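Reviewing the structure listed below.
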Amino acid sequence: MTNQIKHLTLPLPNANAVDIHVGNSFITDIDFLKSVIPSKRRLFIITQDFVYEKHGKHIEDTIKKEINDDCHLIKIPDGESAKSFQVLQFILNKMFEIGVERHDLVVAIGGGVITDCAGFVASICLRGLELINIPTTLLAQVDAAIGGKTGINHFSGKNLIGSFYQPSHVILDVSFLSTLPLREFYSGFAEVIKYGVIRDPELFEMLLTHRNDIKKFSASKHPSLWEDIVYTSCKNKVDVVKNDEKESNLRAILNFGHTIGHGIEALFDYHTYKHGECVIFGMCAATHIAEQKSLISKEESQRIYSLIEAFGYFSLKLEPIDYEKLLPIISRDKKVKGNVIHFILPKSVGDVMITDTVSQQEIEGSLLFIQSLFKGAKA
């Protein structure tokens, strides 16, 4: 294992830059923690039970012993259901009971649910508290914890209530991934594949080249490989967000696979499928639409399907989809503008386009296509 830390900076036009730190087994390095966590400011750690037992308690104990004992723990329920008004109010009530002040600091330790929810709390409590993200899942490390999107869900759809609010630091320690359940690993890896398709052909090829080691999904056996994957994925996101923080145009390409993916996730009430599994469904659907519209060659679309197949995703079983119920969910998505659904469609590996010309017939056809792909057969 190595304790060398790589650094990325996300420059922002109207705020301080975000410092991103990537490495292995450095999270309780005292000198590092002292460099990012102020010693004379009250801290609120927001996390969940599973994460706290695996990682959070050790981090909390280290902070209290070495940096600042004015450190308060707030634990919220596990799962996507935590992104709710009720949990938001619970966190704020706890903070106000303790006596939160504007100089205080929020530390989010957990997966995307935690970074989304804690980030939203930090953005609205006293009109903004400093935020540090310590993501512990692959999905959060390569996507959710970076870029400033925060929020909670509404019964109408996912992440419909939220804000853009940047953390001061994002700490990405791949040693956390060693305790990640295999299904969560697979879910997060979908976002890595996404970066390869939308803008990074070299990453795409690297995933193919190292697929045998990657498929073991073991950060403890291959820490350098996973450091490279996390770092490269983050760099892709940083390069997009620094040019379009508020998703006015370019940043929308990061939603590849998410239009239909979010719809499927909501249709099954966030319980049946993981987020990354739905992104895989959505990426295949979008690729099929692109091929039907002659935007991508059959050879290039097959490269995308082959990479997805190489990592065993075709073993997923997609339950029958009620199109009449799915379409209204998609129509309420954040990617809808002027009542028109916007899709990100691939033109080749490493190149995508944003379009609003996808018909309902093409959407329905893509759903029939992915139903034929994801039959639950063993990979």
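Ligands are numbered from 1 in the order shown, residues from 1 within each chain, and chains are lettered A, B, ... in the order they appear in the structure tokens.
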Residues near Leu368 (chain A), cut-off 10 Å, only C-alpha atoms, skip fewer than 4 positions along chain, as an MDAnalysis selection string: chainID A and resid 285 320:321 323 362:364 372:373
Just-selected residues, N, CA and C atoms written as a compact mmCIF listing (two decimals), in the first residue's frame:
```
# COMPACT_ATOMS: atom_id res chain seq x y z
N ALA A 285 -30.00 1.96 -23.25
CA ALA A 285 -31.18 2.51 -23.94
C ALA A 285 -30.79 3.70 -24.82
N PRO A 320 -40.36 -6.21 -15.95
CA PRO A 320 -41.21 -5.54 -16.95
C PRO A 320 -41.49 -4.09 -16.57
N ILE A 321 -41.40 -3.23 -17.57
CA ILE A 321 -41.58 -1.79 -17.35
C ILE A 321 -42.90 -1.34 -17.93
N TYR A 323 -44.61 1.34 -19.54
CA TYR A 323 -44.21 2.57 -20.23
C TYR A 323 -45.14 3.73 -19.87
N GLU A 362 -39.36 6.23 -29.96
CA GLU A 362 -37.96 5.82 -29.80
C GLU A 362 -37.65 5.44 -28.35
N ILE A 363 -38.25 6.17 -27.40
CA ILE A 363 -38.06 5.81 -25.99
C ILE A 363 -38.65 4.43 -25.73
N GLU A 364 -39.86 4.22 -26.22
CA GLU A 364 -40.51 2.92 -25.99
C GLU A 364 -39.71 1.80 -26.65
N SER A 372 -34.75 -6.90 -23.60
CA SER A 372 -34.19 -8.09 -24.26
C SER A 372 -32.74 -8.34 -23.86
N LEU A 373 -32.03 -7.30 -23.40
CA LEU A 373 -30.64 -7.45 -22.99
C LEU A 373 -30.51 -8.00 -21.57
```
Near Asp143 (chain A), counting only C-alpha atoms, which residues have an atom at most 9 Å away, once you skip same-chain residues fewer than 2 positions from it, shown as a PyMOL selection string? chain A and resi 112+138-141+145-147+188+191-192+233-234+237
Show me, as a Markdown table, the residues of region 78-134 of chain A having an atom within 12 Å of region 20-33 of chain A, each with the closest atom pair and its distance in Å, using only C-alpha atoms.
```
| residue | atom | partner | partner_atom | distance |
| --- | --- | --- | --- | --- |
| A:Ile109 | CA | A:Ile27 | CA | 11.3 |
| A:Ile132 | CA | A:Ile20 | CA | 10.1 |
| A:Asn133 | CA | A:Ile20 | CA | 9.5 |
| A:Ile134 | CA | A:Ile27 | CA | 8.9 |
```
Shell of 10 Å around Asp69 (chain A), only C-alpha atoms, local chain residues under 2 positions omitted, as a PyMOL selection string: chain A and resi 39-43+60-67+71-72
Atoms to include: N, CA and C atoms. Write the selected residues as a PDB file, in the first residue's frame.
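Produced file again-v4.pdb, reproduced below:
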```pdb
ATOM      1  N   SER A  39      -8.734  23.537  13.623  1.00  0.00           N
ATOM      2  CA  SER A  39      -8.677  23.031  15.002  1.00  0.00           C
ATOM      3  C   SER A  39      -9.607  23.764  15.966  1.00  0.00           C
ATOM      4  N   LYS A  40     -10.096  24.930  15.585  1.00  0.00           N
ATOM      5  CA  LYS A  40     -10.868  25.724  16.546  1.00  0.00           C
ATOM      6  C   LYS A  40     -12.297  25.982  16.079  1.00  0.00           C
ATOM      7  N   ARG A  41     -12.847  25.011  15.329  1.00  0.00           N
ATOM      8  CA  ARG A  41     -14.213  25.175  14.847  1.00  0.00           C
ATOM      9  C   ARG A  41     -15.027  23.931  15.154  1.00  0.00           C
ATOM     10  N   ARG A  42     -16.241  24.139  15.610  1.00  0.00           N
ATOM     11  CA  ARG A  42     -17.132  23.008  15.918  1.00  0.00           C
ATOM     12  C   ARG A  42     -17.414  22.218  14.643  1.00  0.00           C
ATOM     13  N   LEU A  43     -17.435  20.894  14.772  1.00  0.00           N
ATOM     14  CA  LEU A  43     -17.700  20.013  13.646  1.00  0.00           C
ATOM     15  C   LEU A  43     -18.997  19.247  13.846  1.00  0.00           C
ATOM     16  N   GLU A  60     -13.891   9.878  13.574  1.00  0.00           N
ATOM     17  CA  GLU A  60     -14.371  10.736  14.653  1.00  0.00           C
ATOM     18  C   GLU A  60     -13.413  10.705  15.842  1.00  0.00           C
ATOM     19  N   ASP A  61     -12.981   9.507  16.245  1.00  0.00           N
ATOM     20  CA  ASP A  61     -12.073   9.388  17.383  1.00  0.00           C
ATOM     21  C   ASP A  61     -10.756  10.103  17.123  1.00  0.00           C
ATOM     22  N   THR A  62     -10.249   9.982  15.898  1.00  0.00           N
ATOM     23  CA  THR A  62      -8.987  10.640  15.542  1.00  0.00           C
ATOM     24  C   THR A  62      -9.130  12.152  15.596  1.00  0.00           C
ATOM     25  N   ILE A  63     -10.238  12.665  15.054  1.00  0.00           N
ATOM     26  CA  ILE A  63     -10.469  14.112  15.067  1.00  0.00           C
ATOM     27  C   ILE A  63     -10.571  14.620  16.505  1.00  0.00           C
ATOM     28  N   LYS A  64     -11.352  13.912  17.323  1.00  0.00           N
ATOM     29  CA  LYS A  64     -11.544  14.363  18.702  1.00  0.00           C
ATOM     30  C   LYS A  64     -10.238  14.330  19.495  1.00  0.00           C
ATOM     31  N   LYS A  65      -9.436  13.325  19.266  1.00  0.00           N
ATOM     32  CA  LYS A  65      -8.198  13.170  20.031  1.00  0.00           C
ATOM     33  C   LYS A  65      -7.110  14.120  19.557  1.00  0.00           C
ATOM     34  N   GLU A  66      -6.995  14.305  18.234  1.00  0.00           N
ATOM     35  CA  GLU A  66      -5.846  15.014  17.688  1.00  0.00           C
ATOM     36  C   GLU A  66      -6.126  16.444  17.235  1.00  0.00           C
ATOM     37  N   ILE A  67      -7.392  16.769  16.981  1.00  0.00           N
ATOM     38  CA  ILE A  67      -7.662  18.079  16.371  1.00  0.00           C
ATOM     39  C   ILE A  67      -8.647  18.900  17.192  1.00  0.00           C
ATOM     40  N   CYS A  71     -16.847  18.040  18.585  1.00  0.00           N
ATOM     41  CA  CYS A  71     -17.217  17.290  17.384  1.00  0.00           C
ATOM     42  C   CYS A  71     -18.498  16.517  17.685  1.00  0.00           C
ATOM     43  N   HIS A  72     -19.525  16.729  16.877  1.00  0.00           N
ATOM     44  CA  HIS A  72     -20.854  16.187  17.168  1.00  0.00           C
ATOM     45  C   HIS A  72     -21.312  15.250  16.057  1.00  0.00           C
TER      46      HIS A  72
END
```
For a quick check of understanding, using only C-alpha atoms, which of A:Asn249, A:Gln371, A:Gln360, A:Gln89 has the smallest distance to Phe314 (chain A)?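 The shortest atom-to-atom distance to Phe314 (chain A) comes from A:Gln371.
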Based on DSSP run over this structure's backbone, return all residues of region 104-338 of chain A in strand (DSSP E), as a tab-separated table (two decimals) with N, CA and C atoms, in the first residue's frame.
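Below is the file that was written, states-v2.tsv:
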```tsv
chain	number	residue	atom	x	y	z
A	105	LEU	N	-18.50	23.64	10.91
A	105	LEU	CA	-18.11	22.85	9.75
A	105	LEU	C	-18.93	21.57	9.69
A	106	VAL	N	-19.43	21.23	8.50
A	106	VAL	CA	-20.14	19.97	8.28
A	106	VAL	C	-19.19	18.99	7.58
A	107	VAL	N	-19.08	17.78	8.14
A	107	VAL	CA	-18.26	16.73	7.55
A	107	VAL	C	-19.18	15.57	7.17
A	108	ALA	N	-19.27	15.28	5.88
A	108	ALA	CA	-20.12	14.21	5.38
A	108	ALA	C	-19.27	12.95	5.18
A	109	ILE	N	-19.62	11.87	5.88
A	109	ILE	CA	-18.88	10.61	5.75
A	109	ILE	C	-19.86	9.53	5.30
A	110	GLY	N	-19.72	9.09	4.06
A	110	GLY	CA	-20.63	8.06	3.56
A	110	GLY	C	-20.72	8.06	2.06
A	130	GLU	N	-19.33	25.71	5.96
A	130	GLU	CA	-18.28	25.01	5.22
A	130	GLU	C	-18.53	23.51	5.26
A	131	LEU	N	-18.22	22.85	4.14
A	131	LEU	CA	-18.51	21.43	3.96
A	131	LEU	C	-17.25	20.69	3.53
A	132	ILE	N	-17.02	19.52	4.14
A	132	ILE	CA	-15.98	18.60	3.70
A	132	ILE	C	-16.64	17.26	3.40
A	133	ASN	N	-16.39	16.73	2.21
A	133	ASN	CA	-16.94	15.43	1.82
A	133	ASN	C	-15.88	14.34	1.97
A	134	ILE	N	-16.25	13.27	2.67
A	134	ILE	CA	-15.40	12.09	2.77
A	134	ILE	C	-16.22	10.91	2.26
A	135	PRO	N	-16.28	10.72	0.94
A	135	PRO	CA	-17.11	9.66	0.38
A	135	PRO	C	-16.48	8.28	0.59
A	149	LYS	N	-23.41	19.20	-6.54
A	149	LYS	CA	-24.84	18.91	-6.56
A	149	LYS	C	-25.24	18.31	-5.22
A	150	THR	N	-26.24	18.92	-4.59
A	150	THR	CA	-26.76	18.42	-3.33
A	150	THR	C	-28.28	18.32	-3.44
A	151	GLY	N	-28.90	17.55	-2.54
A	151	GLY	CA	-30.35	17.55	-2.61
A	151	GLY	C	-31.00	16.35	-1.96
A	152	ILE	N	-32.32	16.41	-1.95
A	152	ILE	CA	-33.15	15.32	-1.45
A	152	ILE	C	-34.19	14.98	-2.52
A	153	ASN	N	-34.88	13.88	-2.29
A	153	ASN	CA	-35.88	13.42	-3.26
A	153	ASN	C	-37.27	13.96	-2.93
A	154	HIS	N	-38.11	13.95	-3.94
A	154	HIS	CA	-39.53	14.27	-3.80
A	154	HIS	C	-40.29	13.09	-4.37
A	157	GLY	N	-39.93	12.61	-8.05
A	157	GLY	CA	-38.70	12.21	-8.71
A	157	GLY	C	-37.48	12.39	-7.83
A	158	LYS	N	-36.35	11.97	-8.37
A	158	LYS	CA	-35.10	11.96	-7.62
A	158	LYS	C	-34.39	13.30	-7.70
A	159	ASN	N	-33.86	13.77	-6.56
A	159	ASN	CA	-33.02	14.97	-6.49
A	159	ASN	C	-33.71	16.23	-7.03
A	160	LEU	N	-35.02	16.30	-6.88
A	160	LEU	CA	-35.74	17.46	-7.42
A	160	LEU	C	-35.66	18.68	-6.50
A	161	ILE	N	-35.23	18.48	-5.26
A	161	ILE	CA	-35.11	19.58	-4.31
A	161	ILE	C	-33.65	19.65	-3.86
A	162	GLY	N	-32.97	20.72	-4.20
A	162	GLY	CA	-31.56	20.78	-3.85
A	162	GLY	C	-30.90	22.07	-4.28
A	163	SER	N	-29.58	22.05	-4.27
A	163	SER	CA	-28.81	23.25	-4.59
A	163	SER	C	-27.45	22.86	-5.14
A	164	PHE	N	-26.79	23.83	-5.77
A	164	PHE	CA	-25.38	23.68	-6.10
A	164	PHE	C	-24.59	24.29	-4.95
A	169	HIS	N	-13.20	20.70	0.63
A	169	HIS	CA	-12.32	19.56	0.38
A	169	HIS	C	-13.15	18.32	0.08
A	170	VAL	N	-12.61	17.46	-0.78
A	170	VAL	CA	-13.15	16.12	-0.99
A	170	VAL	C	-12.00	15.15	-0.78
A	171	ILE	N	-12.18	14.23	0.16
A	171	ILE	CA	-11.12	13.29	0.54
A	171	ILE	C	-11.49	11.91	0.03
A	172	LEU	N	-10.70	11.41	-0.93
A	172	LEU	CA	-11.00	10.15	-1.60
A	172	LEU	C	-9.94	9.11	-1.23
A	173	ASP	N	-10.27	8.30	-0.26
A	173	ASP	CA	-9.37	7.25	0.20
A	173	ASP	C	-9.89	5.90	-0.30
A	336	VAL	N	-35.53	17.90	-18.26
A	336	VAL	CA	-36.60	18.38	-19.13
A	336	VAL	C	-36.55	19.91	-19.20
A	337	LYS	N	-36.59	20.45	-20.41
A	337	LYS	CA	-36.62	21.90	-20.61
A	337	LYS	C	-37.72	22.23	-21.60
```
Pick from A:Gly119, A:Pro13, A:Gly312, A:Gly276, whichever lies nearest to Lys246 (chain A) using only C-alpha atoms: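 Closest candidate: A:Pro13.
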Of the listed residues A:Met95, A:Glu299, A:Val121, A:Glu277, that which approaches Ser315 (chain A) most closely, counting only C-alpha atoms: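 Closest candidate: A:Glu277.
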In terms of the shortest atom-to-atom distance over only C-alpha atoms, which of A:Gly111, A:Glu184, A:Ile308, A:Asp351 is closest to Leu207 (chain A)?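 Looking at the shortest contact to Leu207 (chain A), the residue is A:Ile308.
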Just give me the gap between CA of Thr355 (chain A) and CA of Phe343 (chain A) in Å, one decimal is fine.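 Going from CA of Thr355 (chain A) over to CA of Phe343 (chain A) covers 5.4 Å.
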Within 10 Å of Ile229 (chain A) using only C-alpha atoms, minus same-chain residues under 3 positions, as a count of residues only: 17
